[in-house]
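Reproduced below: data_25.cif, with mmCIF, C-alpha atoms.
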data_target
loop_
_atom_site.label_atom_id
_atom_site.label_comp_id
_atom_site.auth_asym_id
_atom_site.auth_seq_id
_atom_site.Cartn_x
_atom_site.Cartn_y
_atom_site.Cartn_z
CA MET V 1 26.62 -0.55 -1.21
CA PHE V 2 24.20 2.36 -1.65
CA ASP V 3 21.39 2.95 0.79
CA SER V 4 18.88 5.32 -0.78
CA TYR V 5 16.82 5.50 2.38
CA LEU V 6 19.24 7.19 4.78
CA GLU V 7 17.96 10.70 4.10
CA ASN V 8 14.46 12.08 3.94
CA THR V 9 12.61 15.37 4.14
CA LEU V 10 11.52 15.16 7.78
CA LEU V 11 12.07 18.33 9.80
CA TYR V 12 11.19 18.73 13.47
CA TYR V 13 11.08 21.94 15.48
CA PRO V 14 11.02 20.82 19.12
CA GLU V 15 10.72 24.40 20.37
CA LYS V 16 7.22 24.58 18.85
CA CYS V 17 6.10 21.24 20.31
CA ILE V 18 3.33 21.36 22.94
CA ASN V 19 3.85 17.71 23.90
CA CYS V 20 0.37 16.56 22.84
CA MET V 21 1.86 13.18 21.84
CA ARG V 22 -0.15 12.91 18.62
CA CYS V 23 2.98 12.23 16.56
CA THR V 24 3.95 9.32 18.80
CA GLN V 25 0.47 7.87 18.27
CA VAL V 26 0.32 8.15 14.51
CA CYS V 27 3.88 7.29 13.42
CA PRO V 28 3.98 3.68 12.18
CA HIS V 29 7.76 3.50 12.53
CA GLY V 30 8.40 4.86 16.00
CA VAL V 31 10.20 7.93 14.70
CA PHE V 32 8.89 10.02 17.61
CA ALA V 33 8.86 9.03 21.26
CA GLU V 34 7.48 10.52 24.42
CA GLY V 35 9.74 13.14 25.98
CA LYS V 36 9.66 15.29 29.12
CA GLU V 37 8.97 18.70 27.64
CA HIS V 38 8.50 17.82 24.01
CA ALA V 39 8.37 14.77 21.78
CA GLU V 40 11.78 13.31 21.05
CA LEU V 41 12.94 12.53 17.52
CA MET V 42 14.19 8.98 18.00
CA GLN V 43 15.04 7.54 14.60
CA PRO V 44 14.58 10.04 11.78
CA ALA V 45 16.03 7.65 9.19
CA ALA V 46 13.06 5.29 9.73
CA CYS V 47 10.65 7.96 8.44
CA MET V 48 8.72 6.86 5.34
CA GLU V 49 7.27 10.32 4.69
CA CYS V 50 3.65 9.24 5.07
CA GLY V 51 2.81 12.64 6.53
CA ALA V 52 0.63 11.37 9.39
CA CYS V 53 2.57 13.35 12.02
CA VAL V 54 2.47 16.58 10.03
CA ARG V 55 -1.26 16.38 9.48
CA ASN V 56 -1.96 15.64 13.12
CA CYS V 57 0.43 18.14 14.68
CA PRO V 58 -1.75 21.04 15.86
CA VAL V 59 1.16 23.50 16.04
CA GLN V 60 3.08 22.73 12.82
CA ALA V 61 6.16 21.57 14.67
CA ILE V 62 6.86 18.94 12.02
CA GLU V 63 7.42 19.27 8.29
CA VAL V 64 7.81 16.58 5.67
CA GLN V 65 7.27 16.38 1.94
CA SER V 66 4.85 13.51 2.10
CA GLY V 67 3.76 11.35 -0.75
CA VAL V 68 3.37 7.81 -1.90
CA GLY V 69 6.75 6.14 -2.34
CA CYS V 70 5.64 4.13 -5.33
CA ALA V 71 8.24 3.80 -8.10
CA GLY V 72 5.62 2.62 -10.59
CA ALA V 73 3.55 5.77 -10.17
CA MET V 74 6.61 8.04 -10.36
CA ILE V 75 7.99 6.37 -13.47
CA ARG V 76 4.57 6.52 -15.17
CA ALA V 77 4.37 10.24 -14.37
CA ALA V 78 7.92 10.83 -15.65
CA LEU V 79 7.16 8.93 -18.88
CA ARG V 80 4.14 11.13 -19.49
CA GLY V 81 6.38 14.15 -19.14
CA LYS V 82 4.85 15.17 -15.84
CA ASP V 83 6.52 16.00 -12.57
CA MET V 84 7.44 12.82 -10.74
CA ASP V 85 5.83 14.13 -7.56
CA SER V 86 2.52 14.63 -9.30
CA GLY V 87 2.27 10.90 -9.95
CA GLU V 88 -1.00 9.66 -8.57
CA CYS V 89 -0.59 6.22 -7.13
CA GLY V 90 -2.50 4.00 -9.49
CA CYS V 91 -4.41 2.01 -6.92
CA GLY V 92 -7.58 3.93 -7.67
CA GLY V 93 -7.84 2.54 -11.17
CA GLU V 94 -8.47 -0.84 -12.67
CA THR V 95 -4.95 -0.98 -14.03
CA GLY V 96 -3.34 0.30 -10.86
CA SER V 97 -0.56 -1.57 -9.25
CA CYS V 98 0.70 -0.09 -6.06
CA CYS V 99 -1.61 -0.72 -3.14
CA LYS V 100 -3.05 -4.10 -2.48
CA MET J 1 -21.77 -10.14 3.71
CA ASP J 2 -24.89 -10.03 5.72
CA ASN J 3 -25.71 -6.39 6.10
CA ASP J 4 -29.47 -6.41 5.98
CA LYS J 5 -31.09 -3.14 6.73
CA THR J 6 -33.09 -3.53 9.89
CA THR J 7 -33.91 0.02 10.76
CA GLY J 8 -34.68 2.88 8.54
CA SER J 9 -33.45 4.89 11.50
CA PRO J 10 -35.10 8.26 11.94
CA CYS J 11 -31.81 10.01 12.32
CA SER J 12 -31.67 13.73 12.16
CA CYS J 13 -28.86 14.37 9.82
CA ALA J 14 -29.01 18.10 10.16
CA SER J 15 -28.48 18.09 13.89
CA LYS J 16 -25.60 20.16 15.17
CA SER J 17 -23.34 19.85 12.18
CA ASN J 18 -24.63 22.95 10.53
CA THR J 19 -21.12 23.94 9.54
CA ILE J 20 -21.10 21.27 6.89
CA ALA J 21 -22.44 21.90 3.49
CA PHE J 22 -24.22 18.76 2.51
CA ILE J 23 -27.28 20.43 1.14
CA ASN J 24 -26.55 19.60 -2.46
CA ARG J 25 -25.58 16.02 -1.79
CA THR J 26 -28.48 13.85 -2.68
CA GLN J 27 -27.22 10.44 -1.74
CA SER J 28 -30.20 8.33 -0.98
CA PRO J 29 -30.84 6.90 1.47
CA VAL J 30 -28.95 9.55 3.35
CA CYS J 31 -28.73 7.86 6.68
CA GLU J 32 -29.77 4.34 7.26
CA LEU J 33 -28.37 2.25 10.03
CA ARG J 34 -27.32 -1.17 8.83
CA THR J 35 -26.73 -4.21 10.98
CA ILE J 36 -23.72 -6.40 10.59
CA THR J 37 -22.34 -9.47 12.36
CA SER J 38 -18.78 -10.56 13.00
CA ASN J 39 -19.18 -13.69 10.92
CA ILE J 40 -16.86 -14.04 7.98
CA THR J 41 -18.86 -16.19 5.58
CA LEU J 42 -17.59 -18.39 2.79
CA ASN J 43 -18.70 -15.68 0.42
CA ASP J 44 -16.55 -13.11 2.24
CA ARG J 45 -13.57 -15.42 2.06
CA LEU J 46 -14.09 -15.88 -1.67
CA ASP J 47 -14.24 -12.10 -2.02
CA HIS J 48 -10.94 -11.75 -0.14
CA PHE J 49 -9.38 -14.45 -2.29
CA LEU J 50 -10.45 -12.73 -5.51
CA ALA J 51 -9.17 -9.39 -4.20
CA ARG J 52 -5.81 -10.98 -3.47
CA TRP J 53 -5.65 -12.21 -7.06
CA GLY J 54 -6.51 -8.82 -8.45
CA VAL J 55 -9.90 -9.89 -9.83
CA SER J 56 -12.19 -6.86 -10.18
CA ARG J 57 -9.82 -4.70 -8.23
CA MET J 58 -12.19 -1.86 -7.49
CA GLY J 59 -15.20 -4.10 -6.93
CA HIS J 60 -14.58 -5.17 -3.34
CA ILE J 61 -16.81 -2.55 -1.87
CA VAL J 62 -18.90 -2.12 1.26
CA LYS J 63 -21.66 0.49 1.30
CA PRO J 64 -20.41 3.58 3.14
CA GLY J 65 -22.42 4.58 6.19
CA LEU J 66 -23.10 3.59 9.75
CA TYR J 67 -23.29 -0.04 10.82
CA LYS J 68 -24.15 -1.54 14.15
CA LEU J 69 -22.46 -4.63 15.45
CA GLY J 70 -24.19 -6.54 18.27
CA ASN J 71 -26.53 -4.44 20.40
CA PRO J 72 -24.87 -1.08 20.83
CA THR J 73 -26.28 1.61 23.12
CA ALA J 74 -25.80 5.36 23.01
CA ASP J 75 -22.60 4.91 25.01
CA SER J 76 -21.02 2.23 22.81
CA PRO J 77 -17.76 2.97 21.02
CA VAL J 78 -17.69 4.04 17.37
CA PHE J 79 -15.01 2.70 15.04
CA VAL J 80 -14.18 4.14 11.65
CA SER J 81 -13.16 2.03 8.67
CA ALA J 82 -12.75 2.08 4.90
CA ASN J 83 -15.28 0.67 2.45
CA TYR J 84 -12.88 -1.99 1.17
CA THR J 85 -14.26 -5.41 2.10
CA MET J 86 -10.98 -6.64 3.55
CA SER J 87 -10.58 -3.55 5.76
CA PHE J 88 -14.16 -3.64 6.97
CA ASP J 89 -14.15 -7.41 7.50
CA ALA J 90 -10.92 -7.21 9.52
CA VAL J 91 -12.58 -4.70 11.86
CA ARG J 92 -15.91 -6.46 12.30
CA CYS J 93 -14.17 -9.81 12.74
CA ALA J 94 -11.79 -8.42 15.38
CA LEU J 95 -14.71 -6.82 17.23
CA ALA J 96 -16.65 -10.07 17.70
CA GLY J 97 -18.52 -9.82 21.00
CA THR J 98 -18.18 -6.03 21.21
CA ASP J 99 -21.36 -4.00 20.92
CA CYS J 100 -20.40 -1.02 18.84
CA TYR J 101 -20.93 1.12 15.78
CA ILE J 102 -18.73 1.08 12.70
CA LEU J 103 -18.69 4.18 10.52
CA VAL J 104 -17.62 3.24 7.02
CA LEU J 105 -16.10 6.03 4.93
CA ASP J 106 -16.33 6.09 1.15
CA THR J 107 -12.75 5.32 0.14
CA LYS J 108 -13.76 3.97 -3.30
CA GLY J 109 -13.03 0.41 -2.27
CA ILE J 110 -9.45 1.14 -1.21
CA ASN J 111 -7.83 0.06 2.04
CA VAL J 112 -7.35 2.49 4.91
CA TRP J 113 -3.65 3.26 4.49
CA CYS J 114 -3.66 3.79 0.72
CA ALA J 115 -6.89 5.76 0.92
CA ALA J 116 -5.39 7.96 3.64
CA GLY J 117 -2.41 8.60 1.37
CA LYS J 118 -4.76 9.61 -1.43
CA GLY J 119 -6.93 11.67 0.91
CA THR J 120 -10.16 9.72 0.40
CA PHE J 121 -9.88 8.41 3.95
CA GLY J 122 -9.66 12.04 4.93
CA THR J 123 -10.84 14.82 7.17
CA ASP J 124 -13.49 16.08 4.72
CA GLU J 125 -14.98 12.66 4.10
CA LEU J 126 -15.03 11.84 7.83
CA VAL J 127 -16.67 15.13 8.80
CA GLN J 128 -19.30 14.74 6.07
CA ARG J 129 -19.92 11.08 6.87
CA ILE J 130 -20.47 11.96 10.54
CA ALA J 131 -23.11 14.45 9.45
CA TRP J 132 -24.81 12.17 6.91
CA SER J 133 -24.98 9.25 9.28
CA GLY J 134 -26.64 11.33 11.95
CA LEU J 135 -24.17 9.94 14.43
CA SER J 136 -24.57 12.85 16.85
CA GLY J 137 -28.20 11.91 17.37
CA ILE J 138 -27.46 8.24 17.92
CA ILE J 139 -24.70 8.32 20.50
CA ASN J 140 -24.12 10.32 23.69
CA HIS J 141 -20.35 10.59 23.62
CA ARG J 142 -18.19 12.41 21.07
CA THR J 143 -15.29 10.02 20.50
CA LEU J 144 -14.33 8.11 17.36
CA ILE J 145 -11.76 5.32 17.26
CA LEU J 146 -9.84 5.50 13.99
CA PRO J 147 -7.31 3.05 12.60
CA GLN J 148 -3.83 4.47 13.14
CA LEU J 149 -3.00 4.03 9.47
CA GLY J 150 -5.81 6.45 8.61
CA ALA J 151 -3.75 9.26 10.16
CA PRO J 152 -1.96 10.39 6.95
CA GLY J 153 -5.37 11.51 5.66
CA ILE J 154 -6.97 12.72 8.87
CA SER J 155 -6.22 15.82 10.85
CA ALA J 156 -7.51 14.97 14.32
CA HIS J 157 -7.66 18.53 15.58
CA GLU J 158 -9.46 19.68 12.44
CA VAL J 159 -12.04 16.91 12.79
CA GLN J 160 -12.63 18.02 16.37
CA ARG J 161 -12.99 21.64 15.34
CA ARG J 162 -15.33 20.92 12.44
CA SER J 163 -17.49 18.16 13.88
CA GLY J 164 -17.03 18.25 17.63
CA PHE J 165 -15.85 14.65 17.59
CA ARG J 166 -12.59 13.72 19.29
CA VAL J 167 -10.40 11.38 17.28
CA GLU J 168 -8.69 8.55 19.08
CA TYR J 169 -6.14 6.57 17.09
CA GLY J 170 -6.44 2.84 17.67
CA PRO J 171 -3.80 0.26 16.80
CA VAL J 172 -2.32 -0.36 13.34
CA ARG J 173 -3.81 -3.84 13.10
CA ALA J 174 -7.52 -4.50 13.62
CA SER J 175 -6.63 -7.76 15.37
CA ASP J 176 -5.17 -5.70 18.26
CA LEU J 177 -8.51 -3.95 18.83
CA PRO J 178 -9.77 -6.23 21.65
CA LYS J 179 -6.53 -5.66 23.58
CA TYR J 180 -6.68 -1.96 22.84
CA LEU J 181 -10.25 -1.69 24.11
CA LYS J 182 -9.28 -2.96 27.56
CA THR J 183 -7.11 0.06 28.33
CA ARG J 184 -7.96 2.37 25.42
CA LYS J 185 -4.22 2.71 24.98
CA ALA J 186 -2.06 1.20 22.27
CA THR J 187 1.26 -0.28 23.30
CA PRO J 188 4.32 0.90 21.33
CA GLU J 189 4.28 -2.50 19.63
CA MET J 190 0.68 -2.00 18.42
CA ARG J 191 1.74 1.33 16.90
CA LEU J 192 4.39 -0.17 14.63
CA VAL J 193 3.60 -1.35 11.15
CA GLN J 194 5.12 -4.64 10.13
CA PHE J 195 5.85 -6.46 6.93
CA SER J 196 5.92 -10.09 7.95
CA LEU J 197 6.47 -13.07 5.70
CA LYS J 198 2.71 -13.58 5.58
CA ASP J 199 2.12 -9.88 4.78
CA ARG J 200 4.57 -10.15 1.90
CA PHE J 201 3.39 -13.53 0.69
CA VAL J 202 -0.25 -12.51 0.28
CA LEU J 203 0.89 -9.77 -2.12
CA THR J 204 2.58 -12.15 -4.53
CA PRO J 205 -0.49 -13.32 -6.53
CA VAL J 206 -1.54 -9.81 -7.49
CA GLU J 207 2.07 -8.86 -8.22
CA PHE J 208 2.30 -11.74 -10.67
CA VAL J 209 -1.15 -11.25 -12.17
CA HIS J 210 -0.29 -7.65 -13.05
CA VAL J 211 2.57 -8.69 -15.30
CA ALA J 212 1.20 -12.06 -16.41
CA LEU J 213 0.00 -10.90 -19.83
CA PRO J 214 3.22 -9.21 -21.02
CA THR J 215 5.15 -12.18 -19.62
CA LEU J 216 3.05 -14.61 -21.62
CA VAL J 217 3.54 -12.59 -24.80
CA ALA J 218 7.31 -12.40 -24.23
CA ALA J 219 7.46 -16.12 -23.46
CA ILE J 220 5.62 -17.02 -26.67
CA ILE J 221 7.80 -14.74 -28.81
CA LEU J 222 10.98 -16.12 -27.23
CA TYR J 223 9.73 -19.67 -27.70
CA PHE J 224 9.59 -19.21 -31.45
CA LEU J 225 12.71 -17.09 -31.76
CA ALA J 226 15.07 -18.83 -29.36
CA GLY J 227 13.42 -21.99 -28.13
CA PRO J 228 11.66 -23.23 -25.01
CA PHE J 229 14.63 -22.56 -22.78
CA ALA J 230 14.61 -18.83 -23.51
CA SER J 231 10.88 -18.83 -22.91
CA LEU J 232 11.43 -20.47 -19.53
CA ALA J 233 14.08 -17.85 -18.71
CA ALA J 234 11.53 -15.05 -19.23
CA ILE J 235 8.99 -16.73 -16.94
CA THR J 236 11.70 -17.41 -14.34
CA ALA J 237 12.81 -13.76 -14.29
CA VAL J 238 9.23 -12.58 -13.75
CA LEU J 239 8.52 -15.17 -11.05
CA ALA J 240 11.75 -14.19 -9.31
CA GLY J 241 10.70 -10.54 -9.35
CA THR J 242 7.06 -10.98 -8.35
CA VAL J 243 7.04 -14.02 -6.05
CA LEU J 244 10.55 -14.81 -4.79
CA PHE J 245 11.49 -11.17 -4.30
CA PRO J 246 8.66 -10.21 -1.93
CA VAL J 247 9.07 -13.42 0.04
CA LEU J 248 12.86 -13.14 0.38
CA LEU J 249 12.93 -9.34 0.74
CA PRO J 250 14.58 -9.02 4.18
CA PHE J 251 16.98 -11.89 3.56
CA ILE J 252 18.62 -10.51 0.43
CA PRO J 253 21.66 -8.37 1.31
CA THR J 254 21.85 -4.60 0.51
CA HIS J 255 19.29 -1.93 1.45
CA ASP J 256 17.95 -0.74 -1.86
CA LEU J 257 15.20 -2.77 -3.47
CA SER J 258 16.70 -2.47 -6.95
CA THR J 259 20.04 -3.93 -5.89
CA LYS J 260 18.24 -6.71 -4.06
CA GLY J 261 16.39 -7.42 -7.31
CA LEU J 262 19.63 -7.38 -9.29
CA ILE J 263 21.21 -9.92 -6.94
CA LEU J 264 18.18 -12.19 -7.11
CA GLY J 265 18.07 -11.81 -10.90
CA VAL J 266 21.73 -12.77 -11.33
CA ILE J 267 21.22 -15.87 -9.17
CA ALA J 268 18.18 -16.83 -11.24
CA ALA J 269 20.11 -16.21 -14.48
CA ILE J 270 23.20 -18.28 -13.67
CA PRO J 271 21.69 -21.70 -14.52
CA PHE J 272 20.40 -20.35 -17.83
CA SER J 273 23.69 -18.70 -18.61
CA ILE J 274 25.63 -21.92 -17.97
CA SER J 275 23.26 -24.04 -20.00
CA PHE J 276 23.35 -21.59 -22.92
CA ALA J 277 27.15 -21.81 -22.85
CA ILE J 278 27.22 -25.59 -22.71
CA TYR J 279 24.30 -26.82 -24.78
CA SER J 280 24.62 -24.61 -27.77
CA VAL J 281 25.60 -25.79 -31.19
CA MET J 282 27.23 -22.49 -31.95
CA PRO J 283 30.97 -21.86 -32.03
CA LEU J 284 32.59 -20.95 -28.71
CA ARG J 285 32.75 -17.19 -29.21
CA VAL J 286 29.06 -17.09 -30.01
CA ASN J 287 28.35 -19.26 -26.98
CA VAL J 288 29.99 -16.72 -24.69
CA LEU J 289 27.73 -14.05 -26.15
CA ALA J 290 24.67 -16.28 -25.71
CA SER J 291 25.50 -16.92 -22.08
CA LEU J 292 25.71 -13.16 -21.49
CA VAL J 293 22.13 -12.59 -22.59
CA PRO J 294 20.35 -14.07 -19.55
CA LEU J 295 22.89 -12.43 -17.23
CA LEU J 296 21.97 -9.04 -18.68
CA ILE J 297 18.24 -9.30 -19.30
CA MET J 298 17.01 -11.41 -16.40
CA PRO J 299 18.49 -9.25 -13.59
CA ALA J 300 17.19 -6.15 -15.38
CA VAL J 301 13.64 -7.57 -15.37
CA THR J 302 13.85 -8.73 -11.74
CA ALA J 303 15.36 -5.43 -10.58
CA TYR J 304 12.65 -3.42 -12.33
CA LEU J 305 9.92 -5.52 -10.73
CA ALA J 306 11.71 -5.17 -7.39
CA LEU J 307 11.83 -1.40 -7.80
CA ASN J 308 8.10 -1.40 -8.49
CA PHE J 309 7.52 -3.28 -5.26
CA THR J 310 8.42 -0.07 -3.39
CA GLY J 311 4.76 0.90 -3.64
CA CYS J 312 3.76 -2.20 -1.69
CA THR J 313 6.27 -2.07 1.12
CA THR J 314 5.47 -0.49 4.45
CA PHE J 315 8.68 1.47 4.85
CA THR J 316 10.00 3.10 1.66
CA SER J 317 10.00 6.90 1.65
CA ARG J 318 9.34 8.90 -1.48
CA THR J 319 12.74 10.58 -1.24
CA GLY J 320 14.42 7.17 -1.14
CA VAL J 321 12.36 5.75 -3.99
CA LYS J 322 13.19 8.77 -6.12
CA LYS J 323 16.88 8.23 -5.41
CA GLU J 324 16.52 4.59 -6.39
CA ILE J 325 14.88 5.55 -9.68
CA TYR J 326 17.66 8.00 -10.59
CA ARG J 327 20.36 5.58 -9.51
CA TYR J 328 19.19 2.30 -10.97
CA VAL J 329 16.75 2.85 -13.83
CA PRO J 330 19.62 3.90 -16.16
CA VAL J 331 21.58 0.79 -15.13
CA ILE J 332 18.55 -1.44 -15.63
CA ALA J 333 17.84 0.13 -19.04
CA LEU J 334 21.46 -0.26 -20.10
CA MET J 335 21.53 -3.92 -19.08
CA ALA J 336 18.24 -4.71 -20.79
CA GLY J 337 19.24 -2.74 -23.90
CA SER J 338 22.63 -4.38 -24.33
CA GLY J 339 21.10 -7.80 -23.64
CA ILE J 340 18.49 -7.31 -26.35
CA LEU J 341 21.17 -6.00 -28.71
CA ILE J 342 23.25 -9.17 -28.24
CA LEU J 343 20.11 -11.25 -28.71
CA VAL J 344 19.45 -9.54 -32.04
CA LEU J 345 23.10 -9.99 -33.01
CA LEU J 346 22.88 -13.71 -32.24
CA GLY J 347 19.76 -13.94 -34.34
CA VAL J 348 21.57 -12.33 -37.27
CA ILE J 349 24.56 -14.69 -36.91
CA ARG J 350 22.25 -17.68 -36.87
CA LEU J 351 20.35 -16.43 -39.89
CA MET J 352 23.57 -15.92 -41.82
CA GLU J 353 24.66 -19.46 -40.98
CA VAL J 354 21.41 -20.83 -42.32
CA ILE J 355 21.87 -18.91 -45.53
#
Written form, structure tokens:
Amino acid sequence: MFDSYLENTLLYYPEKCINCMRCTQVCPHGVFAEGKEHAELMQPAACMECGACVRNCPVQAIEVQSGVGCAGAMIRAALRGKDMDSGECGCGGETGSCCK
Amino acid sequence: MDNDKTTGSPCSCASKSNTIAFINRTQSPVCELRTITSNITLNDRLDHFLARWGVSRMGHIVKPGLYKLGNPTADSPVFVSANYTMSFDAVRCALAGTDCYILVLDTKGINVWCAAGKGTFGTDELVQRIAWSGLSGIINHRTLILPQLGAPGISAHEVQRRSGFRVEYGPVRASDLPKYLKTRKATPEMRLVQFSLKDRFVLTPVEFVHVALPTLVAAIILYFLAGPFASLAAITAVLAGTVLFPVLLPFIPTHDLSTKGLILGVIAAIPFSISFAIYSVMPLRVNVLASLVPLLIMPAVTAYLALNFTGCTTFTSRTGVKKEIYRYVPVIALMAGSGILILVLLGVIRLMEVI
């Protein structure tokens, strides 16, 4: 059976890492773990592309195309003829549905 | 909530943070220090209940600004939260007995994680809120404890550079705060987000409420066109997608949410399919067609609702969700379309028999 979640856009450049450990603190899925000289990429497939690590990495050693993984928002954007990635998650509006 | 203003605090908002342009912002009062307790009152609980049912979704708001809990001194810790009542209440409740400050950001009444994703729980807002609250003049240290889930919106090093405040990421769950405060270190377990049965169950009312109106309309139409049983099938499909699906999420086989929804939808449709085949007054060939209808439409509805649940889970990536959309929306549309087509066909056959 298909598993749509095996691949994601996470890229890690360990040679840039200064071992500040921020990524290990902010990742909610334990994708990064403490290493000797640099943070270790432990389970890249668990990445949900929230972008917390990228934003908190002071040396740009991590890249990810972050965004809200909300099908409702993406489908609404697609139906309006917009780019699916431009879909604002609707939780800011009265009719929104994604975040509770 | 009992946030009576006790001090009109003479805070000097302009101190130090001269890098921030807040000259044109005329929010009044700019910086008052409010007092809060850790008590969750009956009123708060009612507010949480209504929020869970999607009543006045954007109305569960706390005033942004600085709050003091207990009797904090200039050395007490400062926690940062969102101005959604449930976020703020989780923090103040977890911090019972801790003298501290809570800096509430203006996230438009949205929880920390979603607001961080949208950027309202963000670096700019935090830096400005630090300035407006006059925090630098109130405390001696320069450390803020942020919820870990605020990290997608906050750049810790940028906050430090722009405000002089060091960001410390606390645990994911506010309830772990007391344990965290003992060592000021989060265990790996505290850093992981979960999606427990309870976490999933509390989402079900709002999931259902969001689709309640279209469901009711469909149920009424089906009642008159095809009888009470068809009406019940519509309600069952929606309940399966909005209530059963979140609850059973990890127990349904397959990885993708859409396929999980399809499986659940087929299971829900089987009793209807059988009963349509058995208890119909139509000839056999028509009965076979009738029994196909729930097997096509109900899983399509459940799978679509399941796909929409991706926005509520704590683990789906955008890349994966996009793949799911491309893979399954055509299948779902095809199933629903052919199901409706057969339904129309059955209606025509019946009409012709009457004539």
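Here atom CA of Val62 of chain J is placed at a distance of 27.5 Å from atom CA of Cys27 of chain V.
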Please report as a PyMOL selection string which residues of chain V come no farther than 7 Å from chain J, using all atoms listed in the file. chain V and resi 1-5+8+25-26+28-30+47-52+55-56+58+67-72+94+98-100
Tell me which protein, DNA and RNA residues are within 12 Å of Ala39 of chain V, counting only C-alpha atoms, leaving out same-chain ones fewer than 6 positions away, and put them as a list in words.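 Here the answer would be Tyr12, Tyr13, Pro14, Glu15, Lys16, Cys17, Ile18, Asn19, Cys20, Met21, Arg22, Cys23, Thr24, Gln25, Gly30, Val31, Phe32, Ala33, Cys53, Cys57, Ala61 and Ile62 of chain V.
The gap separating atom CA of Thr183 of chain J from atom CA of Thr35 of chain J is 26.5 Å, in Å to one decimal.
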For the PyMOL selection byres ((chain J and resi 73) around 10), applied here, can you spell out every residue it catches as a list in words? Lys68, Gly70, Asn71, Pro72, Ala74, Asp75, Ser76, Pro77, Asp99, Cys100, Tyr101, Ile138, Ile139 and Asn140 of chain J
Tell me which of J:Leu135, J:Leu197, J:Ala174, J:Leu346 sits closest to Pro250 of chain J, counting only C-alpha atoms.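 Checking each of J:Leu135, J:Leu197, J:Ala174, J:Leu346 against Pro250 of chain J, counting only C-alpha atoms, the winner is J:Leu197.
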Distance in Å - atom CA of Asn39 of chain J versus atom CA of Leu181 of chain J: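 Spanning atom CA of Asn39 of chain J to atom CA of Leu181 of chain J is a straight-line distance of 19.9 Å.
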Carefully work through the PyMOL selection byres ((chain J and resi 239) around 12) for this structure and note down the residues it includes, as a ChimeraX atom specification. /J:204-212,215-216,232-238,240-247,261,264-265,268,298-299,301-303,305-306
Hey, could you patch up segment 70-83 of chain V with N, CA and C atoms and hand it over as a JSON list (two decimals), keeping the file's coordinate frame?
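Okay, part-v3.json is ready:
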[["chain", "number", "residue", "atom", "x", "y", "z"],
["V", 70, "CYS", "N", 5.92, 5.22, -4.39],
["V", 70, "CYS", "CA", 5.64, 4.13, -5.33],
["V", 70, "CYS", "C", 6.40, 4.40, -6.63],
["V", 71, "ALA", "N", 7.41, 3.59, -6.91],
["V", 71, "ALA", "CA", 8.24, 3.80, -8.10],
["V", 71, "ALA", "C", 7.41, 3.73, -9.37],
["V", 72, "GLY", "N", 6.46, 2.79, -9.40],
["V", 72, "GLY", "CA", 5.62, 2.62, -10.59],
["V", 72, "GLY", "C", 4.90, 3.91, -10.94],
["V", 73, "ALA", "N", 4.30, 4.53, -9.94],
["V", 73, "ALA", "CA", 3.55, 5.77, -10.17],
["V", 73, "ALA", "C", 4.49, 6.89, -10.62],
["V", 74, "MET", "N", 5.68, 6.97, -10.00],
["V", 74, "MET", "CA", 6.61, 8.04, -10.36],
["V", 74, "MET", "C", 7.14, 7.86, -11.77],
["V", 75, "ILE", "N", 7.45, 6.63, -12.13],
["V", 75, "ILE", "CA", 7.99, 6.37, -13.47],
["V", 75, "ILE", "C", 6.91, 6.66, -14.52],
["V", 76, "ARG", "N", 5.68, 6.25, -14.23],
["V", 76, "ARG", "CA", 4.57, 6.52, -15.17],
["V", 76, "ARG", "C", 4.42, 8.02, -15.38],
["V", 77, "ALA", "N", 4.50, 8.78, -14.27],
["V", 77, "ALA", "CA", 4.37, 10.24, -14.37],
["V", 77, "ALA", "C", 5.52, 10.82, -15.19],
["V", 78, "ALA", "N", 6.74, 10.32, -14.94],
["V", 78, "ALA", "CA", 7.92, 10.83, -15.65],
["V", 78, "ALA", "C", 7.81, 10.52, -17.15],
["V", 79, "LEU", "N", 7.29, 9.32, -17.47],
["V", 79, "LEU", "CA", 7.16, 8.93, -18.88],
["V", 79, "LEU", "C", 6.15, 9.80, -19.61],
["V", 80, "ARG", "N", 5.15, 10.27, -18.86],
["V", 80, "ARG", "CA", 4.14, 11.13, -19.49],
["V", 80, "ARG", "C", 4.60, 12.57, -19.53],
["V", 81, "GLY", "N", 5.84, 12.80, -19.10],
["V", 81, "GLY", "CA", 6.38, 14.15, -19.14],
["V", 81, "GLY", "C", 5.89, 15.01, -18.01],
["V", 82, "LYS", "N", 5.33, 14.38, -16.98],
["V", 82, "LYS", "CA", 4.85, 15.17, -15.84],
["V", 82, "LYS", "C", 5.89, 15.15, -14.74],
["V", 83, "ASP", "N", 5.65, 15.99, -13.74],
["V", 83, "ASP", "CA", 6.52, 16.00, -12.57],
["V", 83, "ASP", "C", 6.37, 14.67, -11.83]]
